[in-house]
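Shown below: my_file19.cif, with mmCIF, C-alpha atoms.
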data_run
#
loop_
_atom_site.group_PDB
_atom_site.id
_atom_site.type_symbol
_atom_site.label_atom_id
_atom_site.label_comp_id
_atom_site.auth_asym_id
_atom_site.auth_seq_id
_atom_site.Cartn_x
_atom_site.Cartn_y
_atom_site.Cartn_z
ATOM 1 C CA MET Z 1 121.974 115.967 106.945
ATOM 2 C CA PRO Z 2 119.093 113.548 107.125
ATOM 3 C CA SER Z 3 119.243 110.896 109.793
ATOM 4 C CA ASN Z 4 118.993 107.194 109.042
ATOM 5 C CA ASP Z 5 115.440 107.246 110.254
ATOM 6 C CA GLU Z 6 114.479 109.751 107.594
ATOM 7 C CA ARG Z 7 116.133 107.776 104.834
ATOM 8 C CA TRP Z 8 114.245 104.699 105.850
ATOM 9 C CA LEU Z 9 110.924 106.449 105.542
ATOM 10 C CA ASP Z 10 110.314 104.797 102.180
ATOM 11 C CA ALA Z 11 110.664 101.303 103.581
ATOM 12 C CA GLU Z 12 108.449 102.219 106.481
ATOM 13 C CA ALA Z 13 105.893 103.533 104.045
ATOM 14 C CA GLY Z 14 104.827 100.055 102.973
ATOM 15 C CA PRO Z 15 101.504 100.123 104.812
ATOM 16 C CA VAL Z 16 100.730 103.479 103.250
ATOM 17 C CA VAL Z 17 101.203 102.321 99.699
ATOM 18 C CA ARG Z 18 98.903 99.336 99.867
ATOM 19 C CA PRO Z 19 95.683 101.097 100.876
ATOM 20 C CA TYR Z 20 96.255 103.802 98.316
ATOM 21 C CA ALA Z 21 96.596 101.146 95.620
ATOM 22 C CA LEU Z 22 92.829 100.788 96.065
ATOM 23 C CA THR Z 23 92.488 104.340 94.883
ATOM 24 C CA GLN Z 24 94.807 103.898 91.898
ATOM 25 C CA GLY Z 25 97.411 105.871 93.743
ATOM 26 C CA ARG Z 26 95.258 108.935 94.243
ATOM 27 C CA THR Z 27 95.763 110.652 97.563
ATOM 28 C CA ARG Z 28 93.278 113.472 97.046
ATOM 29 C CA HIS Z 29 89.630 113.193 96.286
ATOM 30 C CA THR Z 30 87.690 115.069 93.661
ATOM 31 C CA GLY Z 31 84.978 117.643 94.206
ATOM 32 C CA GLU Z 32 83.921 119.550 97.257
ATOM 33 C CA SER Z 33 85.621 118.588 100.506
ATOM 34 C CA PHE Z 34 83.666 117.068 103.350
ATOM 35 C CA ASP Z 35 84.024 116.822 107.071
ATOM 36 C CA LEU Z 36 84.834 113.795 109.165
ATOM 37 C CA VAL Z 37 81.331 113.857 110.603
ATOM 38 C CA ALA Z 38 79.552 114.750 107.356
ATOM 39 C CA THR Z 39 76.515 112.531 106.816
ATOM 40 C CA VAL Z 40 76.795 109.982 104.045
ATOM 41 C CA MET Z 41 73.815 108.272 102.523
ATOM 42 C CA ALA Z 42 73.306 106.002 99.543
ATOM 43 C CA THR Z 43 70.946 107.441 96.957
ATOM 44 C CA GLN Z 44 69.683 104.098 95.711
ATOM 45 C CA SER Z 45 68.471 101.156 97.709
ATOM 46 C CA ALA Z 46 70.016 98.651 95.323
ATOM 47 C CA ILE Z 47 72.941 98.727 92.939
ATOM 48 C CA THR Z 48 71.907 97.769 89.447
ATOM 49 C CA ASP Z 49 75.385 96.710 88.354
ATOM 50 C CA PRO Z 50 77.365 95.592 91.413
ATOM 51 C CA GLY Z 51 80.194 94.188 89.292
ATOM 52 C CA SER Z 52 81.137 97.657 88.112
ATOM 53 C CA LEU Z 53 82.389 98.660 91.550
ATOM 54 C CA ALA Z 54 85.544 97.596 93.360
ATOM 55 C CA PRO Z 55 84.886 95.517 96.502
ATOM 56 C CA GLU Z 56 85.983 98.378 98.759
ATOM 57 C CA HIS Z 57 83.633 100.770 96.990
ATOM 58 C CA MET Z 58 80.863 98.225 97.444
ATOM 59 C CA SER Z 59 81.635 97.858 101.157
ATOM 60 C CA VAL Z 60 81.508 101.605 101.666
ATOM 61 C CA LEU Z 61 78.291 101.863 99.709
ATOM 62 C CA GLN Z 62 76.701 99.091 101.780
ATOM 63 C CA LEU Z 63 77.533 100.951 104.982
ATOM 64 C CA ALA Z 64 75.926 104.097 103.614
ATOM 65 C CA ARG Z 65 72.527 102.458 103.095
ATOM 66 C CA ALA Z 66 71.460 104.021 106.368
ATOM 67 C CA PRO Z 67 72.706 107.558 107.063
ATOM 68 C CA THR Z 68 76.133 107.407 108.650
ATOM 69 C CA THR Z 69 79.255 109.539 108.878
ATOM 70 C CA VAL Z 70 82.594 109.539 107.099
ATOM 71 C CA ALA Z 71 84.342 108.634 110.369
ATOM 72 C CA ASP Z 72 81.938 105.770 111.095
ATOM 73 C CA ILE Z 73 82.504 104.322 107.634
ATOM 74 C CA ALA Z 74 86.295 104.599 107.898
ATOM 75 C CA SER Z 75 86.161 102.832 111.231
ATOM 76 C CA ASP Z 76 83.848 100.088 109.975
ATOM 77 C CA VAL Z 77 85.741 99.259 106.795
ATOM 78 C CA ASP Z 78 89.056 99.588 108.625
ATOM 79 C CA LEU Z 79 90.676 101.660 105.937
ATOM 80 C CA PRO Z 80 92.527 104.924 106.489
ATOM 81 C CA LEU Z 81 90.415 108.039 106.330
ATOM 82 C CA GLY Z 82 92.233 109.351 103.281
ATOM 83 C CA VAL Z 83 91.354 106.233 101.307
ATOM 84 C CA VAL Z 84 87.734 106.273 102.442
ATOM 85 C CA ARG Z 85 87.409 109.902 101.402
ATOM 86 C CA ILE Z 86 88.575 109.089 97.882
ATOM 87 C CA ILE Z 87 86.194 106.141 97.644
ATOM 88 C CA LEU Z 88 83.322 108.315 98.896
ATOM 89 C CA ALA Z 89 84.134 111.048 96.398
ATOM 90 C CA ASP Z 90 84.130 108.435 93.628
ATOM 91 C CA LEU Z 91 80.728 107.206 94.754
ATOM 92 C CA ARG Z 92 79.468 110.774 94.912
ATOM 93 C CA GLU Z 93 80.688 111.403 91.385
ATOM 94 C CA LEU Z 94 78.753 108.348 90.248
ATOM 95 C CA GLY Z 95 75.692 109.750 91.984
ATOM 96 C CA LEU Z 96 75.534 106.784 94.343
ATOM 97 C CA VAL Z 97 75.916 108.691 97.616
ATOM 98 C CA MET Z 98 75.008 112.067 99.027
ATOM 99 C CA ILE Z 99 77.406 113.711 101.426
ATOM 100 C CA ARG Z 100 75.983 116.423 103.631
ATOM 101 C CA THR Z 101 77.531 118.787 106.062
ATOM 102 C CA PRO Z 102 76.028 118.048 109.468
ATOM 103 C CA VAL Z 103 73.573 120.640 110.728
ATOM 104 C CA VAL Z 104 75.781 122.014 113.446
ATOM 105 C CA MET Z 105 78.728 122.379 111.118
ATOM 106 C CA ALA Z 106 76.883 124.806 108.938
ATOM 107 C CA GLU Z 107 76.915 127.439 111.628
ATOM 108 C CA ARG Z 108 78.114 127.788 115.158
ATOM 109 C CA ILE Z 109 76.539 125.444 117.629
ATOM 110 C CA ASP Z 110 73.571 127.282 119.071
ATOM 111 C CA LYS Z 111 72.730 127.389 122.754
ATOM 112 C CA HIS Z 112 69.682 125.246 122.309
ATOM 113 C CA THR Z 113 71.804 122.429 120.904
ATOM 114 C CA LEU Z 114 74.398 122.936 123.646
ATOM 115 C CA ARG Z 115 71.708 122.496 126.265
ATOM 116 C CA GLU Z 116 70.436 119.403 124.511
ATOM 117 C CA VAL Z 117 73.948 117.975 124.576
ATOM 118 C CA LEU Z 118 74.255 118.854 128.250
ATOM 119 C CA ASN Z 119 70.978 117.171 129.122
ATOM 120 C CA GLY Z 120 71.882 114.180 127.018
ATOM 121 C CA LEU Z 121 75.192 113.765 128.819
ATOM 122 C CA ARG Z 122 73.625 114.130 132.226
ATOM 123 C CA GLY Z 123 71.144 111.430 131.339
ATOM 124 C CA LEU Z 124 73.785 108.887 130.315
ATOM 125 C CA MET N 1 72.070 128.968 106.838
ATOM 126 C CA ASP N 2 70.600 126.617 104.315
ATOM 127 C CA TYR N 3 72.514 123.730 102.847
ATOM 128 C CA GLY N 4 71.619 124.056 99.257
ATOM 129 C CA VAL N 5 72.495 120.414 98.772
ATOM 130 C CA SER N 6 70.416 119.044 95.987
ATOM 131 C CA ASP N 7 68.976 115.637 96.407
ATOM 132 C CA PRO N 8 69.715 113.782 93.163
ATOM 133 C CA VAL N 9 66.693 111.552 93.624
ATOM 134 C CA GLY N 10 64.382 114.325 94.666
ATOM 135 C CA GLY N 11 61.544 114.381 97.120
ATOM 136 C CA ARG N 12 62.648 111.361 99.087
ATOM 137 C CA PRO N 13 61.254 111.084 102.569
ATOM 138 C CA ARG N 14 64.596 110.169 104.149
ATOM 139 C CA SER N 15 66.171 113.238 105.670
ATOM 140 C CA PRO N 16 69.738 112.719 106.810
ATOM 141 C CA GLY N 17 69.964 116.465 107.341
ATOM 142 C CA GLN N 18 68.227 115.921 110.665
ATOM 143 C CA HIS N 19 71.222 114.024 111.950
ATOM 144 C CA ARG N 20 73.221 116.290 114.202
ATOM 145 C CA ALA N 21 76.817 115.387 114.773
ATOM 146 C CA ILE N 22 78.757 117.168 117.486
ATOM 147 C CA LYS N 23 82.518 116.887 117.655
ATOM 148 C CA ILE N 24 84.536 117.089 120.823
ATOM 149 C CA LEU N 25 88.299 116.874 120.703
ATOM 150 C CA LEU N 26 90.396 115.217 123.336
ATOM 151 C CA ALA N 27 94.041 116.140 123.262
ATOM 152 C CA GLY N 28 96.933 115.376 125.507
ATOM 153 C CA GLY N 29 100.393 113.911 125.687
ATOM 154 C CA PHE N 30 101.353 110.333 125.046
ATOM 155 C CA GLY N 31 100.051 107.900 127.647
ATOM 156 C CA VAL N 32 97.948 110.449 129.498
ATOM 157 C CA GLY N 33 94.788 108.358 129.318
ATOM 158 C CA LYS N 34 92.959 109.611 126.219
ATOM 159 C CA THR N 35 92.081 106.118 125.053
ATOM 160 C CA THR N 36 90.953 105.186 128.555
ATOM 161 C CA LEU N 37 88.698 108.214 128.841
ATOM 162 C CA VAL N 38 87.083 107.754 125.433
ATOM 163 C CA GLY N 39 86.568 104.078 126.236
ATOM 164 C CA ALA N 40 85.035 104.863 129.617
ATOM 165 C CA VAL N 41 82.273 107.057 128.254
ATOM 166 C CA SER N 42 81.636 105.717 124.772
ATOM 167 C CA GLU N 43 81.976 102.758 122.536
ATOM 168 C CA ILE N 44 85.548 103.184 121.361
ATOM 169 C CA ARG N 45 86.322 102.253 117.793
ATOM 170 C CA PRO N 46 89.409 102.126 115.646
ATOM 171 C CA LEU N 47 89.997 104.974 113.251
ATOM 172 C CA ARG N 48 93.213 105.579 111.461
ATOM 173 C CA THR N 49 94.577 108.080 109.099
ATOM 174 C CA GLU N 50 97.786 107.897 107.189
ATOM 175 C CA GLU N 51 99.892 110.828 106.256
ATOM 176 C CA PRO N 52 103.438 110.930 104.985
ATOM 177 C CA LEU N 53 105.614 112.750 107.500
ATOM 178 C CA THR N 54 107.600 115.488 105.906
ATOM 179 C CA GLU N 55 111.241 115.952 106.806
ATOM 180 C CA GLY N 56 110.207 119.170 108.463
ATOM 181 C CA SER N 57 107.754 117.492 110.747
ATOM 182 C CA LEU N 58 110.340 114.910 111.695
ATOM 183 C CA ARG N 59 112.822 117.564 112.663
ATOM 184 C CA THR N 60 110.445 119.597 114.791
ATOM 185 C CA ASP N 61 109.180 116.478 116.499
ATOM 186 C CA SER N 62 110.429 115.974 119.980
ATOM 187 C CA THR N 63 111.734 112.430 120.185
ATOM 188 C CA ALA N 64 111.215 112.217 123.916
ATOM 189 C CA GLY N 65 108.750 109.430 124.534
ATOM 190 C CA VAL N 66 108.061 108.724 120.889
ATOM 191 C CA GLU N 67 111.357 107.119 119.930
ATOM 192 C CA GLY N 68 111.327 105.396 116.608
ATOM 193 C CA LYS N 69 107.901 106.689 115.649
ATOM 194 C CA THR N 70 108.532 107.325 111.979
ATOM 195 C CA THR N 71 105.450 105.416 111.014
ATOM 196 C CA THR N 72 102.891 107.328 109.040
ATOM 197 C CA THR N 73 99.913 105.582 110.530
ATOM 198 C CA VAL N 74 98.125 107.701 113.066
ATOM 199 C CA ALA N 75 95.514 105.976 115.139
ATOM 200 C CA MET N 76 92.854 108.165 116.643
ATOM 201 C CA ASP N 77 90.644 107.348 119.557
ATOM 202 C CA PHE N 78 87.206 107.554 118.101
ATOM 203 C CA GLY N 79 84.163 107.344 120.315
ATOM 204 C CA ARG N 80 80.505 107.735 119.581
ATOM 205 C CA ILE N 81 77.789 108.612 122.083
ATOM 206 C CA SER N 82 74.194 108.665 120.903
ATOM 207 C CA LEU N 83 72.466 111.285 123.011
ATOM 208 C CA ARG N 84 69.256 111.105 121.057
ATOM 209 C CA SER N 85 68.274 109.469 117.843
ATOM 210 C CA ASP N 86 69.137 112.646 115.968
ATOM 211 C CA LEU N 87 71.974 113.933 118.146
ATOM 212 C CA VAL N 88 75.285 112.127 118.266
ATOM 213 C CA LEU N 89 78.428 113.137 120.053
ATOM 214 C CA TYR N 90 81.708 112.151 118.439
ATOM 215 C CA LEU N 91 84.868 112.101 120.494
ATOM 216 C CA PHE N 92 88.189 112.300 118.730
ATOM 217 C CA GLY N 93 91.269 111.643 120.787
ATOM 218 C CA THR N 94 94.354 112.866 119.026
ATOM 219 C CA PRO N 95 97.993 112.769 120.005
ATOM 220 C CA GLY N 96 99.244 115.978 121.502
ATOM 221 C CA GLN N 97 102.502 116.452 119.651
ATOM 222 C CA GLN N 98 102.764 119.338 117.264
ATOM 223 C CA ARG N 99 103.296 117.065 114.292
ATOM 224 C CA PHE N 100 99.671 115.969 114.557
ATOM 225 C CA TRP N 101 98.315 119.455 114.177
ATOM 226 C CA PHE N 102 97.424 118.723 110.569
ATOM 227 C CA MET N 103 94.757 116.394 111.953
ATOM 228 C CA TRP N 104 93.540 118.844 114.506
ATOM 229 C CA ASP N 105 93.038 121.516 111.885
ATOM 230 C CA GLU N 106 90.385 119.359 110.335
ATOM 231 C CA LEU N 107 88.910 118.038 113.547
ATOM 232 C CA ALA N 108 88.618 121.510 115.004
ATOM 233 C CA ILE N 109 86.327 122.889 112.298
ATOM 234 C CA GLY N 110 82.883 123.136 113.792
ATOM 235 C CA ALA N 111 83.928 121.347 116.983
ATOM 236 C CA LEU N 112 81.999 122.114 120.147
ATOM 237 C CA GLY N 113 85.251 122.372 122.046
ATOM 238 C CA ALA N 114 88.178 120.453 123.402
ATOM 239 C CA VAL N 115 89.377 118.711 126.512
ATOM 240 C CA VAL N 116 93.090 118.802 127.234
ATOM 241 C CA LEU N 117 93.832 115.759 129.329
ATOM 242 C CA ALA N 118 96.875 116.349 131.508
ATOM 243 C CA ASP N 119 99.020 114.399 133.905
ATOM 244 C CA THR N 120 100.411 116.472 136.771
ATOM 245 C CA ARG N 121 103.685 114.566 136.531
ATOM 246 C CA ARG N 122 104.138 115.705 132.948
ATOM 247 C CA LEU N 123 102.287 118.988 132.658
ATOM 248 C CA ALA N 124 104.588 120.264 129.924
ATOM 249 C CA ASP N 125 103.176 117.598 127.585
ATOM 250 C CA SER N 126 99.929 119.558 127.442
ATOM 251 C CA PHE N 127 101.538 122.861 126.380
ATOM 252 C CA PRO N 128 101.226 122.262 122.609
ATOM 253 C CA ALA N 129 97.530 121.402 122.898
ATOM 254 C CA ILE N 130 96.802 124.450 125.067
ATOM 255 C CA ASP N 131 98.695 126.684 122.650
ATOM 256 C CA TYR N 132 96.797 125.247 119.747
ATOM 257 C CA PHE N 133 93.327 125.812 121.200
ATOM 258 C CA GLU N 134 94.167 129.252 122.547
ATOM 259 C CA ARG N 135 95.475 130.412 119.172
ATOM 260 C CA ARG N 136 92.438 129.165 117.318
ATOM 261 C CA GLN N 137 90.039 130.366 119.977
ATOM 262 C CA ILE N 138 88.534 126.942 120.399
ATOM 263 C CA PRO N 139 86.904 126.656 123.826
ATOM 264 C CA PHE N 140 88.633 124.079 125.997
ATOM 265 C CA ILE N 141 89.001 122.883 129.553
ATOM 266 C CA ILE N 142 91.777 121.064 131.362
ATOM 267 C CA ALA N 143 91.086 117.648 132.860
ATOM 268 C CA LEU N 144 93.730 116.370 135.242
ATOM 269 C CA ASN N 145 93.852 112.618 135.151
ATOM 270 C CA CYS N 146 94.504 111.556 138.725
ATOM 271 C CA PHE N 147 96.738 108.553 138.322
ATOM 272 C CA ASP N 148 97.217 106.231 141.225
ATOM 273 C CA GLY N 149 100.273 107.323 143.106
ATOM 274 C CA ALA N 150 100.521 110.727 141.466
ATOM 275 C CA ARG N 151 100.748 113.604 143.868
ATOM 276 C CA ARG N 152 97.516 115.608 143.985
ATOM 277 C CA TYR N 153 98.029 119.227 143.148
ATOM 278 C CA ASP N 154 95.810 122.133 143.845
ATOM 279 C CA THR N 155 94.090 123.141 140.624
ATOM 280 C CA GLU N 156 95.226 126.730 141.153
ATOM 281 C CA ASP N 157 98.854 125.586 141.212
ATOM 282 C CA VAL N 158 98.211 123.840 137.916
ATOM 283 C CA ARG N 159 96.568 126.995 136.555
ATOM 284 C CA MET N 160 99.676 128.938 137.399
ATOM 285 C CA ALA N 161 102.017 126.320 135.995
ATOM 286 C CA LEU N 162 100.082 126.233 132.731
ATOM 287 C CA ASP N 163 99.549 130.007 132.657
ATOM 288 C CA LEU N 164 95.804 129.689 132.167
ATOM 289 C CA GLU N 165 93.090 132.331 132.286
ATOM 290 C CA PRO N 166 91.281 132.620 135.638
ATOM 291 C CA GLY N 167 87.936 131.473 134.217
ATOM 292 C CA LEU N 168 89.221 128.403 132.446
ATOM 293 C CA PRO N 169 87.865 125.272 134.133
ATOM 294 C CA ILE N 170 90.335 122.746 135.491
ATOM 295 C CA VAL N 171 88.675 119.532 136.581
ATOM 296 C CA LEU N 172 90.066 116.457 138.280
ATOM 297 C CA CYS N 173 89.108 113.143 136.788
ATOM 298 C CA ASP N 174 89.654 109.452 136.776
ATOM 299 C CA ALA N 175 89.758 108.560 133.107
ATOM 300 C CA ARG N 176 88.785 104.970 133.906
ATOM 301 C CA SER N 177 85.442 105.930 135.393
ATOM 302 C CA LYS N 178 82.409 106.470 133.210
ATOM 303 C CA GLU N 179 80.891 108.959 135.651
ATOM 304 C CA SER N 180 84.119 110.890 135.861
ATOM 305 C CA ALA N 181 84.600 110.959 132.093
ATOM 306 C CA LYS N 182 81.007 112.088 131.730
ATOM 307 C CA ASP N 183 81.592 114.903 134.227
ATOM 308 C CA VAL N 184 84.554 116.074 132.161
ATOM 309 C CA LEU N 185 82.372 116.355 129.061
ATOM 310 C CA ILE N 186 79.638 118.085 131.050
ATOM 311 C CA ALA N 187 82.188 120.588 132.385
ATOM 312 C CA LEU N 188 83.260 121.339 128.821
ATOM 313 C CA VAL N 189 79.721 121.894 127.540
ATOM 314 C CA GLU N 190 78.924 124.099 130.548
ATOM 315 C CA HIS N 191 82.061 126.120 129.858
ATOM 316 C CA VAL N 192 81.103 126.534 126.210
ATOM 317 C CA LEU N 193 77.618 127.690 127.270
ATOM 318 C CA VAL N 194 79.075 130.266 129.659
ATOM 319 C CA THR N 195 81.551 131.448 127.033
ATOM 320 C CA ALA N 196 78.760 131.753 124.480
ATOM 321 C CA SER N 197 76.698 133.870 126.906
ATOM 322 C CA GLU N 198 79.569 136.233 127.558
ATOM 323 C CA GLU N 199 80.258 136.921 123.928
ATOM 324 C CA PRO N 200 79.124 140.304 122.714
ATOM 325 C CA LEU N 201 76.466 140.242 120.050
ATOM 326 C CA SER N 202 78.315 142.718 117.915
ATOM 327 C CA GLY N 203 81.483 141.844 116.120
ATOM 328 C CA ILE N 204 80.318 141.829 112.562
ATOM 329 C CA ALA N 205 81.700 144.909 110.904
#

Kindly transcribe the structure held in the file into structure tokens.
Amino acid sequence: MPSNDERWLDAEAGPVVRPYALTQGRTRHTGESFDLVATVMATQSAITDPGSLAPEHMSVLQLARAPTTVADIASDVDLPLGVVRIILADLRELGLVMIRTPVVMAERIDKHTLREVLNGLRGL
Amino acid sequence: MDYGVSDPVGGRPRSPGQHRAIKILLAGGFGVGKTTLVGAVSEIRPLRTEEPLTEGSLRTDSTAGVEGKTTTTVAMDFGRISLRSDLVLYLFGTPGQQRFWFMWDELAIGALGAVVLADTRRLADSFPAIDYFERRQIPFIIALNCFDGARRYDTEDVRMALDLEPGLPIVLCDARSKESAKDVLIALVEHVLVTASEEPLSGIA
């Protein structure tokens, strides 16, 4: 028998519903999946028709003008990761951003990189 | 391995592929000092994810210490350390309870390794994290956060209590100190390097 807490999940879910309204209720993005630290980069330096994009899509696109990561963007726009992923996938579908798997994700982290990380940390 | 990602513009000089992002996970029980440690060594930033909790996850969740936590917002400790212009370390501090494993599954892919931050007064809180990393063969170390007033234990006693392999590093730290937090990360990378050296070259059938 479900507890009261479980029954009240819907009321508690208020904050979840609002961000996902930005995505027209979609909770999953289209196309190939991408990692939290995948590199995101805008493909064009200027948007020819800014009015065609929702403000949140515009904000995300602005942040991607210099290469950044999915996690950085989510943190900067202060939207949940799930929402940011959907927005990014939309932008990718429109050809406005590229999303790339970071180098080290493509294969196991090699020793050379590990040593670079080690030296980098020691030098902090 | 090549990426095979086509550049829709073609031939552009910008090469984001050079950006190397390294993930390190920081796991541990509630209130063990994850946020403090990430904040000590990096610029900590807000990052949240929202997932509906299933009835199943609510039932398996231990309510001890997380009373009333039916909220679906999960805040992560997210830290970024630029080691070089093309090499960035990302720290993700995630809650230790089993119900957050869905987040770890994603964070763990391609991660360099993990730090399990433990409090000697509540060692059992780190069991789920240890189990998780052992099962997925993700290299990890234990960092004991030495809280003021907490009794200092011998690391070998902790090893026994946590049933850890002899070679697994257990380091003492003060999560508030930058130097100490840095040493924890260094210990992890050194452990990963040693583990990588020990691995046999064969293994591909």

Chain and number of each residue from the PyMOL selection byres ((chain Z and resi 36) around 12), as a PyMOL selection string
(chain Z and resi 33-35+37-40+68-75+81-82+84-85+88+99-102+105) or (chain N and resi 21-23+47-49+78+90-92+103-111)

Would you output that residue set with C-alpha atoms, as a CSV table (one decimal), keeping the file's coordinate frame?
chain,number,residue,atom,x,y,z
Z,33,SER,CA,85.6,118.6,100.5
Z,34,PHE,CA,83.7,117.1,103.4
Z,35,ASP,CA,84.0,116.8,107.1
Z,37,VAL,CA,81.3,113.9,110.6
Z,38,ALA,CA,79.6,114.8,107.4
Z,39,THR,CA,76.5,112.5,106.8
Z,40,VAL,CA,76.8,110.0,104.0
Z,68,THR,CA,76.1,107.4,108.6
Z,69,THR,CA,79.3,109.5,108.9
Z,70,VAL,CA,82.6,109.5,107.1
Z,71,ALA,CA,84.3,108.6,110.4
Z,72,ASP,CA,81.9,105.8,111.1
Z,73,ILE,CA,82.5,104.3,107.6
Z,74,ALA,CA,86.3,104.6,107.9
Z,75,SER,CA,86.2,102.8,111.2
Z,81,LEU,CA,90.4,108.0,106.3
Z,82,GLY,CA,92.2,109.4,103.3
Z,84,VAL,CA,87.7,106.3,102.4
Z,85,ARG,CA,87.4,109.9,101.4
Z,88,LEU,CA,83.3,108.3,98.9
Z,99,ILE,CA,77.4,113.7,101.4
Z,100,ARG,CA,76.0,116.4,103.6
Z,101,THR,CA,77.5,118.8,106.1
Z,102,PRO,CA,76.0,118.0,109.5
Z,105,MET,CA,78.7,122.4,111.1
N,21,ALA,CA,76.8,115.4,114.8
N,22,ILE,CA,78.8,117.2,117.5
N,23,LYS,CA,82.5,116.9,117.7
N,47,LEU,CA,90.0,105.0,113.3
N,48,ARG,CA,93.2,105.6,111.5
N,49,THR,CA,94.6,108.1,109.1
N,78,PHE,CA,87.2,107.6,118.1
N,90,TYR,CA,81.7,112.2,118.4
N,91,LEU,CA,84.9,112.1,120.5
N,92,PHE,CA,88.2,112.3,118.7
N,103,MET,CA,94.8,116.4,112.0
N,104,TRP,CA,93.5,118.8,114.5
N,105,ASP,CA,93.0,121.5,111.9
N,106,GLU,CA,90.4,119.4,110.3
N,107,LEU,CA,88.9,118.0,113.5
N,108,ALA,CA,88.6,121.5,115.0
N,109,ILE,CA,86.3,122.9,112.3
N,110,GLY,CA,82.9,123.1,113.8
N,111,ALA,CA,83.9,121.3,117.0

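Here atom CA of Gly29 of chain N is placed at a distance of 19.0 Å from atom CA of Pro46 of chain N.
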
Counting all atoms listed in the file, the option among N:Lys182, N:Arg152, N:Arg176, N:Arg122 closest to chain Z
N:Lys182

Residues picked by the PyMOL selection byres ((chain Z and resi 115) around 12) here, as a ChimeraX atom specification?
/Z:109-114,116-122 /N:83,87,112,186,188-194,196

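Pairwise distance (atom CA of Thr23 of chain Z, atom CA of Asp90 of chain Z) equals 9.4 Å.
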
Residue by residue, what does the PyMOL selection byres ((chain N and resi 116) around 9) grab here? Present the result as an MDAnalysis selection string.
chainID N and resid 25:29 96 114:115 117:118 126 129:130 140:144

Contacts of Tyr153 of chain N at 10 Å (only C-alpha atoms; same-chain gap of 6+ positions) as a VMD selection string
chain N and resid 120 to 121 144 146 172

Enclose segment 86-100 of chain Z, meaning all of its atoms listed in the file, in a box aligned along x, y and z, pad it by 5 Å on each side, and list the centre and edge lengths in Å to one decimal, as AutoDock Vina command-line options.
--center_x 81.8 --center_y 111.3 --center_z 96.9 --size_x 23.6 --size_y 20.3 --size_z 23.4

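One distance worth recording is that between atom CA of Thr43 of chain Z and atom CA of Leu96 of chain Z, which is 5.3 Å.
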
Among the residues N:Arg45, N:Lys34, N:Ile24, N:Thr195, the one that comes closest to chain Z [using only C-alpha atoms]
N:Arg45

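Of the residues listed (Z:Leu63, Z:Met58, Z:Val83, Z:Leu53), Z:Val83 shows the shortest atom-to-atom separation from chain N; distances use only C-alpha atoms.
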
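If you measure from each of N:Met160, N:Gln137, N:Phe100, N:Gly93 to Gly33 of chain N using all atoms listed in the file, the closest one turns out to be N:Gly93.
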
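Distance annotation: of Z:Ile47, Z:Ala21, Z:Leu91, Z:Val77, the residue with the minimal separation from chain N is Z:Val77; atom set is all atoms listed in the file.
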
For segment 70-81 of chain Z, where the input has fewer atoms than it should, I would like N, CA and C atoms rebuilt and written as a short mmCIF file (atom, residue, chain, number, x, y, z; two decimals), keeping the file's coordinate frame.
data_model
loop_
_atom_site.label_atom_id
_atom_site.label_comp_id
_atom_site.auth_asym_id
_atom_site.auth_seq_id
_atom_site.Cartn_x
_atom_site.Cartn_y
_atom_site.Cartn_z
N VAL Z 70 81.33 109.90 107.73
CA VAL Z 70 82.59 109.54 107.10
C VAL Z 70 83.46 108.77 108.11
N ALA Z 71 83.52 109.27 109.34
CA ALA Z 71 84.34 108.63 110.37
C ALA Z 71 83.83 107.24 110.70
N ASP Z 72 82.52 107.09 110.80
CA ASP Z 72 81.94 105.77 111.10
C ASP Z 72 82.30 104.77 110.00
N ILE Z 73 82.20 105.21 108.75
CA ILE Z 73 82.50 104.32 107.63
C ILE Z 73 83.97 103.91 107.67
N ALA Z 74 84.86 104.89 107.88
CA ALA Z 74 86.30 104.60 107.90
C ALA Z 74 86.61 103.59 108.99
N SER Z 75 85.93 103.74 110.12
CA SER Z 75 86.16 102.83 111.23
C SER Z 75 85.63 101.44 110.89
N ASP Z 76 84.46 101.38 110.29
CA ASP Z 76 83.85 100.09 109.98
C ASP Z 76 84.58 99.31 108.89
N VAL Z 77 85.06 99.99 107.87
CA VAL Z 77 85.74 99.26 106.80
C VAL Z 77 87.22 99.07 107.11
N ASP Z 78 87.67 99.70 108.19
CA ASP Z 78 89.06 99.59 108.62
C ASP Z 78 90.04 99.97 107.52
N LEU Z 79 89.75 101.09 106.91
CA LEU Z 79 90.68 101.66 105.94
C LEU Z 79 91.01 103.06 106.42
N PRO Z 80 92.19 103.57 106.06
CA PRO Z 80 92.53 104.92 106.49
C PRO Z 80 91.54 105.95 105.94
N LEU Z 81 91.35 106.99 106.72
CA LEU Z 81 90.42 108.04 106.33
C LEU Z 81 90.64 108.57 104.92
#
